[in-house]
$ cat final_6.txt   # compact mmCIF, C-alpha atoms
# COMPACT_ATOMS: atom_id res chain seq x y z
CA MET A 33 4.78 29.54 -0.21
CA ARG A 34 4.19 28.85 -3.91
CA GLN A 35 7.19 28.25 -6.14
CA ASP A 36 8.54 25.96 -8.84
CA LEU A 37 10.10 22.78 -7.41
CA ALA A 38 11.53 19.57 -8.74
CA ILE A 39 10.22 16.69 -6.64
CA VAL A 40 11.48 13.12 -7.06
CA PHE A 41 9.90 10.03 -5.55
CA LEU A 42 11.65 6.68 -5.49
CA ASP A 43 11.07 3.31 -3.93
CA LEU A 44 12.17 -0.29 -4.11
CA SER A 45 9.54 -2.48 -5.74
CA GLY A 46 9.32 -5.95 -4.15
CA PHE A 47 10.71 -4.72 -0.86
CA THR A 48 8.01 -6.14 1.44
CA GLY A 49 8.53 -9.69 0.21
CA VAL A 50 12.29 -9.36 0.56
CA THR A 51 12.02 -8.09 4.14
CA GLU A 52 9.89 -11.06 5.10
CA ALA A 53 12.65 -13.37 3.87
CA LEU A 54 15.62 -11.38 5.23
CA GLY A 55 14.44 -10.72 8.76
CA PRO A 56 14.67 -7.51 10.78
CA GLU A 57 18.44 -7.14 11.24
CA ARG A 58 19.36 -7.76 7.61
CA THR A 59 16.48 -5.53 6.51
CA ARG A 60 17.72 -2.72 8.75
CA ASP A 61 21.23 -3.04 7.31
CA MET A 62 19.89 -3.03 3.75
CA LEU A 63 17.80 0.08 4.44
CA ALA A 64 20.78 1.86 5.99
CA GLU A 65 22.82 1.19 2.83
CA PHE A 66 19.94 2.30 0.61
CA GLN A 67 19.38 5.53 2.53
CA ALA A 68 23.11 6.38 2.64
CA LEU A 69 23.37 5.87 -1.12
CA VAL A 70 20.32 8.04 -1.80
CA GLU A 71 21.56 10.80 0.54
CA ARG A 72 25.00 10.81 -1.13
CA GLU A 73 23.66 10.98 -4.68
CA VAL A 74 21.04 13.63 -3.89
CA ALA A 75 23.54 15.82 -2.02
CA ALA A 76 25.90 15.69 -5.01
CA ASP A 77 23.37 17.82 -6.91
CA ASP A 78 22.36 20.02 -3.96
CA GLY A 79 19.05 18.22 -3.49
CA TYR A 80 17.32 17.58 -0.20
CA VAL A 81 15.82 14.32 1.01
CA VAL A 82 12.54 15.55 2.48
CA SER A 83 11.75 12.16 3.99
CA PHE A 84 12.45 8.47 3.95
CA MET A 85 9.53 6.16 4.50
CA GLY A 86 10.91 2.64 4.69
CA ASP A 87 12.11 1.79 1.20
CA GLY A 88 10.92 5.07 -0.32
CA ALA A 89 12.16 8.62 -0.46
CA MET A 90 10.77 12.05 -1.34
CA ILE A 91 13.47 14.37 -2.67
CA ALA A 92 13.27 18.09 -3.47
CA PHE A 93 15.35 20.43 -5.60
CA GLY A 94 14.56 24.11 -5.13
CA LEU A 95 14.17 24.32 -1.36
CA PRO A 96 14.50 26.59 0.50
CA ALA A 97 14.89 28.84 -2.54
CA PRO A 98 14.42 27.95 -6.21
CA ARG A 99 17.37 27.98 -8.59
CA PRO A 100 17.17 28.18 -12.38
CA ASP A 101 18.76 24.73 -12.77
CA ASP A 102 16.52 22.81 -10.31
CA ALA A 103 15.03 20.58 -13.03
CA ALA A 104 18.42 19.84 -14.58
CA ARG A 105 19.95 18.95 -11.20
CA ALA A 106 16.99 16.71 -10.41
CA LEU A 107 17.34 14.91 -13.73
CA ARG A 108 21.09 14.38 -13.20
CA ALA A 109 20.38 13.00 -9.74
CA VAL A 110 17.67 10.67 -11.09
CA MET A 111 20.02 9.26 -13.72
CA ARG A 112 22.77 8.73 -11.15
CA LEU A 113 20.34 7.25 -8.60
CA HIS A 114 19.06 4.79 -11.18
CA ALA A 115 22.58 3.67 -12.10
CA CYS A 116 23.82 3.48 -8.50
CA LEU A 117 20.75 1.72 -7.15
CA THR A 118 20.78 -0.77 -10.04
CA ALA A 119 24.43 -1.61 -9.27
CA TRP A 120 23.68 -1.79 -5.53
CA ILE A 121 20.78 -4.20 -6.09
CA ALA A 122 22.98 -6.38 -8.33
CA GLY A 123 25.41 -6.74 -5.41
CA LEU A 124 22.77 -7.86 -2.92
CA PRO A 125 22.26 -11.51 -1.96
CA THR A 126 20.33 -13.52 -4.56
CA LEU A 127 17.29 -13.56 -2.29
CA ALA A 128 17.05 -9.77 -2.59
CA LYS A 129 18.51 -8.93 -6.00
CA ASP A 130 16.18 -11.27 -7.87
CA ARG A 131 13.10 -9.65 -6.32
CA LEU A 132 13.91 -5.93 -6.13
CA SER A 133 13.66 -3.17 -8.72
CA ILE A 134 13.59 0.62 -8.61
CA ARG A 135 10.66 2.91 -9.31
CA ILE A 136 11.35 6.61 -9.81
CA GLY A 137 8.87 9.38 -10.57
CA GLY A 138 9.08 13.11 -10.56
CA HIS A 139 7.45 16.47 -11.02
CA PHE A 140 8.74 19.89 -11.97
CA GLY A 141 6.53 22.89 -11.73
CA PRO A 142 4.42 24.87 -9.32
CA ALA A 143 4.08 23.53 -5.81
CA VAL A 144 3.00 24.90 -2.49
CA ALA A 145 5.57 24.30 0.25
CA SER A 146 4.03 24.36 3.69
CA ARG A 147 3.79 22.45 6.93
CA LEU A 148 0.40 20.92 7.55
CA GLY A 149 -1.00 19.96 10.92
CA PRO A 150 -1.17 21.68 14.26
CA PRO A 151 1.50 24.18 15.20
CA ILE A 152 4.37 22.80 17.24
CA THR A 153 4.37 24.41 20.66
CA SER A 154 5.82 23.48 24.01
CA THR A 155 2.31 22.53 25.21
CA SER A 156 1.65 20.25 22.23
CA ARG A 157 4.59 17.99 22.98
CA ARG A 158 3.94 14.86 24.94
CA PRO A 159 5.63 14.57 28.29
CA ALA A 160 8.45 12.05 28.45
CA THR A 161 7.42 8.71 29.80
CA PRO A 162 9.68 6.94 32.29
$ encode --input "final_6.txt" --output "structure tokens"
Amino acid sequence: MRQDLAIVFLDLSGFTGVTEALGPERTRDMLAEFQALVEREVAADDGYVVSFMGDGAMIAFGLPAPRPDDAARALRAVMRLHACLTAWIAGLPTLAKDRLSIRIGGHFGPAVASRLGPPITSTSRRPATP
């Protein structure tokens, strides 16, 4: 399906080095806070987090159906995300806050929304392993 979408990408720059210093449990807790914050701010403007990949997120405005204000809602969300994530980073332990920053990019315009890969069928699922 081809339609206009607003797509936002964000990630935490410096994250890998911070995780090496924090360890797995503290990293998990930090990611949970990050993802909850992103979900909350995106939902406030009727956006949709398409996926989280570690310290990054892909966010869409205009799915499943485009709206005339998709770009404006995406921009509002980006501005709020930047402010909230900056404040969140400032409240992290020194080990993390001194090494992390936010990167945000976006696109508005024509996109093709589709699922790539093999079709999901009952025979394509792996059997449960004991």
$ closest_residue --input "final_6.txt" --among "A:Asp78, A:Asp101, A:Glu52, A:Glu65" --to "Arg131 (chain A)" --atoms "all atoms listed in the file"
A:Glu52
$ atom_distance --input "final_6.txt" --atom1 "CA of Pro125 (chain A)" --atom2 "CA of Arg60 (chain A)"
14.6 Å
$ closest_residue --input "final_6.txt" --among "A:Val70, A:Leu42, A:Leu54, A:Met111" --to "Ile134 (chain A)" --atoms "all atoms listed in the file"
A:Leu42
$ axis_aligned_box --input "final_6.txt" --around "region 74-77 of chain A" --padding-each-side "8 Å" --output "lines of an AutoDock Vina configuration file"
center_x = 23.5
center_y = 15.7
center_z = -4.5
size_x = 20.9
size_y = 20.2
size_z = 20.9
$ atom_distance --input "final_6.txt" --atom1 "CA of Gly123 (chain A)" --atom2 "CA of Leu107 (chain A)"
24.6 Å
$ closest_residue --input "final_6.txt" --among "A:Ala68, A:Leu44, A:Gly138, A:Ala38" --to "Thr118 (chain A)" --atoms "only C-alpha atoms"
A:Leu44
$ atom_distance --input "final_6.txt" --atom1 "CA of Leu132 (chain A)" --atom2 "CA of Gly46 (chain A)"
5.0 Å
$ closest_residue --input "final_6.txt" --among "A:Leu117, A:Ser45, A:Ala122, A:Glu71" --to "Asp87 (chain A)" --atoms "all atoms listed in the file"
A:Ser45
$ residues_near_point --input "final_6.txt" --point "(17.7, 27.0, -5.3)" --cutoff "12 Å" --atoms "all atoms listed in the file" --output "PyMOL selection string"
chain A and resi 35-38+77-80+92-106
$ residues_near_point --input "final_6.txt" --point "(12.8, -2.9, 5.0)" --cutoff "7 Å" --atoms "all atoms listed in the file" --output "VMD selection string"
chain A and resid 47 to 48 51 59 to 60 63 86 to 87
$ residues_around --input "final_6.txt" --residues "Ala89 (chain A)" --least-positions-apart "4" --cutoff "10 Å" --atoms "only C-alpha atoms" --output "PyMOL selection string"
chain A and resi 40-44+67+70-71+81-85+136
$ residues_around --input "final_6.txt" --residues "Met33 (chain A)" --least-positions-apart "5" --cutoff "8 Å" --atoms "all atoms listed in the file" --output "MDAnalysis selection string"
chainID A and resid 144:146
$ closest_residue --input "final_6.txt" --among "A:Leu69, A:Val50, A:Leu148, A:Ala64" --to "Arg112 (chain A)" --atoms "only C-alpha atoms"
A:Leu69
